[in-house]
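J.: I have a structure I would like to understand better, so I am pasting it below and will then ask my questions one at a time.
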Number of protein chains: 2
Amino acid sequence: MSTSDRPITLKDLAQRLKVSTATVSNAFNRPDQLSRALREHILAEARRLGYPGPDARARSLRTGQSRIVAVVLAETLTYSLNDAVSSELLSGVTEVLDAHGHTLLLLSGRQAGSPRQADALCHPGSASMADGFIVYGLMPGDRLINELPAQRPLVGVDFHIDARPTVHVDNEQACYAIARHALTHAPQRAAIVSLRLTVEPHTGRVSQEQDYLSADHTITRARLDGFQRALSEQGIAPDDVPVWNIDENVHAVCAPVIAEILDLPAEQRPDLLLCMSDRIALTALTLAEQRGIRVPQDLRLTGFDGIEEGQYRAPRLTTVRQNSIEKGRVAARMVLGLEPAQHQRLSTQLVLGDTCP
Amino acid sequence: MSTSDRPITLKDLAQRLKVSTATVSNAFNRPDQLSRALREHILAEARRLGYPGPDARARSLRTGQSRIVAVVLAETLTYSLNDAVSSELLSGVTEVLDAHGHTLLLLSGRQAGSPRQADALCHPGSASMADGFIVYGLMPGDRLINELPAQRPLVGVDFHIDARPTVHVDNEQACYAIARHALTHAPQRAAIVSLRLTVEPHTGRVSQEQDYLSADHTITRARLDGFQRALSEQGIAPDDVPVWNIDENVHAVCAPVIAEILDLPAEQRPDLLLCMSDRIALTALTLAEQRGIRVPQDLRLTGFDGIEEGQYRAPRLTTVRQNSIEKGRVAARMVLGLEPAQHQRLSTQLVLGDTCP
DNA sequence: CTGTTAGCGCTTTCAC
DNA sequence: GTGAAAGCGCTAACAG
């Protein structure tokens with residue numbers, strides 16, 4: 001019961017206990033610097049008086065460490081929190097942070113409702129709170145990264161940044177592998193359903209004139225290259241394989257595009273869909289079922305990501321499993337300095353489900 | 001190009017520009033306190049010299065505000081990030097925080113792998129960073145809440161806390177309503193599949209002897225009460241309706257329990273399953289399909305939550321839609337002081353899908 | 001409109 | 001093992 005409702009400080013506590021502030025501080029931070037008995041006495045009194053321990057704000061100013069790591073997401077937080085892949089990444093990050101006494105701050109390069117390109121942090125202020133940064137899926141060359149304190153560790157995930165360590169999978173190779181598998185049984189008409197491939201936002205069929213993002217920096221372009229390499233190898237000219245683009249990896253955006261594809265006249269409708277995400281493939285699967293199109297007999301489907309939802313339903317998705325949890329773990333360990341900060345490429349596995357046996 | 005790689009400070013900047021620190025500070029924080037020209041000059045020079053703006057740690061110590069709001073989750077972060085309902089809540093929270101220049105810090109009352117009850121914050125240290133707290137789904141009477149700075153705003157979601165505002169839905173009423181709907185077509189054998197209902201962790205069929213959590217504090221118990229009220233009203237003795245309990249709302253935990261139920265001899269197998277979550281109901285739906293049990297002809301199913309995944313597949317889930325995004329918004333607005341901090345009860349909607357028409 | 005100054009609460013040398 | 005004192009970088013009075 002303090003007479004004022006001002007929060008109790010370490011100094012207050014020291015005065016009441018007739019010890020110096022250094023001793024109280026040591027009681028909390030450096031047990032070896034004082035007698036066991038005194039330490040326990042101080043901790044007990046602190047609890048009794050309702051002192052919650054050293055204030056994180058003051059401590060972080062003094063020590064220069066906040067024990068906070070920020071994950072900067074290219075997408076809106078709303079999207080990222082509801083997307084299985086981003087969620088897995090965050091799970092991996094938090095697992096490592098938790099284990100090392102750090103906590104997670106979520107930042108977004110993109111406000112809900114603002115244009116697609118993320119070119120500035122929404123709230124640069126609180127960013128300087130963090131001890132380090134994990135940047136997930138940004139467009140290259142963004143100002144965003146420059147707004148972050150340059151001295152602190154930063155790890156990129158799923159995109160390329162110069163002069164900073166990144167964590168990747170080999171998207172080109174993985175897509176080559178799954179397309180190669182799919183093409184062992186030659187399709188009548190293949191099609192590609194891509195994720196955010198064009199420079200200008202665009203959802204629907206892509207024409208030859210549209211500019212694609214460059215393969216060096218974006219995973220979707222690398223995936224397309226993998227698909228097309230496999231197609232060429234099987235003697236199918238990539239230009240003969242139509243590409244549809246989907247700008248946001250959510251059911252509501254996927255469904256109309258998929259519907260457009262499935263509702264093509266029978267002689268134009270693809271019998272193989274190479275999809276750049278499981279979300280897209282699952283949407284295709286659901287819509288195909290609703291139309292009585294049999295999978296895989298009438299339509300074969302491949303996904304990408306290996307999310308749970310695609311594996312515990314029937315038919316199971318044929319897809320590429322990328323371990324996003326592990327990506328998060330690796331990125332977090334690099335940021336915390338627990339492993340050398342260098343480019344890392346994680347492996348993927350081909351998952352042979354029922355949608356493209 | 002500073003000669004040292006020590007981060008540049010506001011004071012450094014002021015010295016180089018031959019103005020006082022106050023002026024630089026004002027340039028960033030109080031545009032009206034200096035001439036437009038001077039302000040722009042300062043900002044331009046700051047950018048040129050690589051000064052990223054006032055340090056958040058120092059600023060937060062000085063002002064007492066970090067512009068960070070913490071969400072404290074009862075479950076592990078891994079679970080919460082992958083669960084549709086928690087994700088929606090977080091979406092609602094971030095939407096409001098973003099719009100008001102705040103950021104989100106994620107805390108968990110529970111470490112991965114530690115026992116079920118959350119009784120202490122995993123990292124109390126960084127908690128005191130936050131300006132306010134949203135606590136989601138904790139067990140009552142927990143020490144956890146007492147470890148948070150008492151002076152700062154705190155809002156509870158989906159559970160009851162004394163002397164603090166909370167955001168709720170009326171679980172009892174909602175479950176009464178959906179069960180009542182389900183029972184208009186009298187079942188041969190109803191069963192309830194519950195979520196974390198027992199005091200002791202337990203997954204599987206619940207016997208009469210096991211202790212349930214109290215209805216005052218936990219939503220699962222309130223949901224059970226709602227189901228049972230409807231059953232009684234239809235002349236079915238609640239004790240005749242078996243209850244299975246599931247301790248974690250994920251497919252891997254649900255599946256074996258559901259399999260056990262569906263694999264009962266035909267004359268014992270329920271033809272109505274009242275499930276406490278959509279995750280449970282969706283698992284039941286998938287497993288039923290795999291066994292050739294027709295839904296709703298052979299088995300009717302109801303869920304709870306109204307997650308997307310249950311609505312864009314066929315058959316669509318019959319469920320109760322609770323707007324978790326809105327819960328998050330309301331909680332965030334209360335924490336920020338944008339609306340009066342008081343108990344709020346949000347409405348739910350009965351969603352009549354195909355699994356229990 | 002601009003500059004001076006006193007801390008915010010804490011950690012950490014450094015003497016004792 | 002313990003205490004006195006110097007700031008960490010910034011903001012908000014206040015005086016000019």
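By convention here, the chains of the structure tokens are called A, B, ... in the order presented, each chain's residues are numbered starting at 1, and ligands are numbered starting at 1 in the order presented.
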Please extract the residues of range 53-227 of chain A with a backbone DSSP assignment of alpha helix (DSSP H) and present them as number ranges by chain.

T.: A: 56-63, 77-82, 84-99, 124-127, 143-147, 171-183, 219-227

J.: Which residues of chain A sit at most 10 Å from chain D, using only C-alpha atoms (C1' of nucleotides)? Give each one's shortest atom pair and distance in Å (one decimal place), in chain and ascending residue order, as a tab-separated table.

T.:
```
residue	atom	partner	partner_atom	distance
A:Val19	CA	D:DG3	C1'	8.1
A:Ser20	CA	D:DG3	C1'	5.8
A:Thr21	CA	D:DG3	C1'	8.3
A:Ala22	CA	D:DG3	C1'	7.4
A:Thr23	CA	D:DT2	C1'	7.1
A:Gln33	CA	D:DG1	C1'	7.2
A:Leu34	CA	D:DG1	C1'	5.9
A:Ser35	CA	D:DG1	C1'	7.3
A:Ala58	CA	D:DC8	C1'	8.9
A:Arg59	CA	D:DC8	C1'	9.3
A:Ser60	CA	D:DC8	C1'	8.8
A:Leu61	CA	D:DC8	C1'	5.4
A:Arg62	CA	D:DC8	C1'	4.5
A:Thr63	CA	D:DC8	C1'	7.4
A:Gly64	CA	D:DC8	C1'	7.7
```

J.: Per residue of chain C within 12 Å of chain A, note the shortest atom pair and the distance in Å to one decimal, counting only C-alpha atoms (C1' of nucleotides), and order the rows by chain and increasing residue number, as a Markdown table.

T.:
```
| residue | atom | partner | partner_atom | distance |
| --- | --- | --- | --- | --- |
| C:DC8 | C1' | A:Ala58 | CA | 7.8 |
| C:DG9 | C1' | A:Ala58 | CA | 5.0 |
| C:DC10 | C1' | A:Ala58 | CA | 5.2 |
| C:DT11 | C1' | A:Arg62 | CA | 6.3 |
| C:DT12 | C1' | A:Ala22 | CA | 8.4 |
| C:DT13 | C1' | A:Ala22 | CA | 11.2 |
```

J.: Residues of the last selection are to be written out with N, CA and C atoms (P, O5', C5', C4', C3', O3' and C1' of nucleotides), as a PDB file, in the first residue's frame.

T.:
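As written to disk, selection02.pdb reads:
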```pdb
ATOM      1  P    DC C   8      13.876  11.728 -11.809  1.00  0.00           P
ATOM      2  O5'  DC C   8      13.240  10.808 -12.940  1.00  0.00           O
ATOM      3  C5'  DC C   8      12.039  11.118 -13.620  1.00  0.00           C
ATOM      4  C4'  DC C   8      11.882  10.146 -14.774  1.00  0.00           C
ATOM      5  C3'  DC C   8      12.330   8.731 -14.437  1.00  0.00           C
ATOM      6  O3'  DC C   8      11.165   7.951 -14.163  1.00  0.00           O
ATOM      7  C1'  DC C   8      13.291   9.488 -16.543  1.00  0.00           C
ATOM      8  P    DG C   9      10.961   7.258 -12.753  1.00  0.00           P
ATOM      9  O5'  DG C   9      11.913   5.982 -12.873  1.00  0.00           O
ATOM     10  C5'  DG C   9      11.636   4.977 -13.838  1.00  0.00           C
ATOM     11  C4'  DG C   9      12.846   4.081 -13.933  1.00  0.00           C
ATOM     12  C3'  DG C   9      13.287   3.490 -12.601  1.00  0.00           C
ATOM     13  O3'  DG C   9      13.238   2.083 -12.755  1.00  0.00           O
ATOM     14  C1'  DG C   9      15.127   4.415 -13.761  1.00  0.00           C
ATOM     15  P    DC C  10      13.889   1.052 -11.775  1.00  0.00           P
ATOM     16  O5'  DC C  10      15.325   0.852 -12.431  1.00  0.00           O
ATOM     17  C5'  DC C  10      15.402   0.221 -13.703  1.00  0.00           C
ATOM     18  C4'  DC C  10      16.758   0.402 -14.291  1.00  0.00           C
ATOM     19  C3'  DC C  10      17.848  -0.407 -13.617  1.00  0.00           C
ATOM     20  O3'  DC C  10      18.043  -1.587 -14.384  1.00  0.00           O
ATOM     21  C1'  DC C  10      18.556   1.827 -14.162  1.00  0.00           C
ATOM     22  P    DT C  11      18.949  -2.741 -13.847  1.00  0.00           P
ATOM     23  O5'  DT C  11      20.408  -2.277 -14.286  1.00  0.00           O
ATOM     24  C5'  DT C  11      20.703  -2.263 -15.668  1.00  0.00           C
ATOM     25  C4'  DT C  11      22.113  -1.762 -15.862  1.00  0.00           C
ATOM     26  C3'  DT C  11      23.199  -2.675 -15.327  1.00  0.00           C
ATOM     27  O3'  DT C  11      24.179  -2.699 -16.362  1.00  0.00           O
ATOM     28  C1'  DT C  11      23.495  -0.507 -14.449  1.00  0.00           C
ATOM     29  P    DT C  12      25.289  -3.816 -16.396  1.00  0.00           P
ATOM     30  O5'  DT C  12      26.618  -3.040 -15.960  1.00  0.00           O
ATOM     31  C5'  DT C  12      26.962  -1.860 -16.675  1.00  0.00           C
ATOM     32  C4'  DT C  12      27.988  -1.084 -15.880  1.00  0.00           C
ATOM     33  C3'  DT C  12      29.051  -1.959 -15.209  1.00  0.00           C
ATOM     34  O3'  DT C  12      30.311  -1.410 -15.533  1.00  0.00           O
ATOM     35  C1'  DT C  12      28.154  -0.416 -13.670  1.00  0.00           C
ATOM     36  P    DT C  13      31.471  -2.365 -16.039  1.00  0.00           P
ATOM     37  O5'  DT C  13      32.393  -2.541 -14.756  1.00  0.00           O
ATOM     38  C5'  DT C  13      33.658  -1.914 -14.713  1.00  0.00           C
ATOM     39  C4'  DT C  13      33.563  -0.403 -14.502  1.00  0.00           C
ATOM     40  C3'  DT C  13      34.720   0.056 -13.605  1.00  0.00           C
ATOM     41  O3'  DT C  13      35.591   0.929 -14.319  1.00  0.00           O
ATOM     42  C1'  DT C  13      32.590   0.905 -12.831  1.00  0.00           C
TER      43       DT C  13
END
```

J.: Select from range 36-124 of chain B everything DSSP, run on the backbone, classes as strand (DSSP E), then give the selection as a PyMOL selection string.

T.: chain B and resi 68-73+103-108

J.: Pick the closest to chain A from B:Gly125, B:Pro242, B:Gly204, B:Pro31: which is it, counting only C-alpha atoms?

T.: B:Gly125

J.: How far is it from CA of Gly109 in chain B to CA of Ser80 in chain B, in Å with one decimal?

T.: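 Between CA of Gly109 in chain B and CA of Ser80 in chain B the gap works out to 11.5 Å.
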
J.: Identify all chain B residues at most 7 Å from chain A by counting only C-alpha atoms; ligands do not count. Present them as a PyMOL selection string.

T.: chain B and resi 52+55-58+60-61+67+77-78+81-82+84+87+91+94+101+103-107+123+125-126+128-129+147+149+286+313

J.: Between B:Thr319, B:Gln349, B:Ile258, B:Val253, which residue has the minimum interatomic distance to Arg291 in chain B, considering only C-alpha atoms?

T.: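 Under the stated criterion, the closest residue is B:Ile258.
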
J.: What does the structure give for the distance between CA of Ala266 in chain B and CA of Leu301 in chain B, in Å to one decimal?

T.: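 Pair CA of Ala266 in chain B / CA of Leu301 in chain B returns 16.8 Å.
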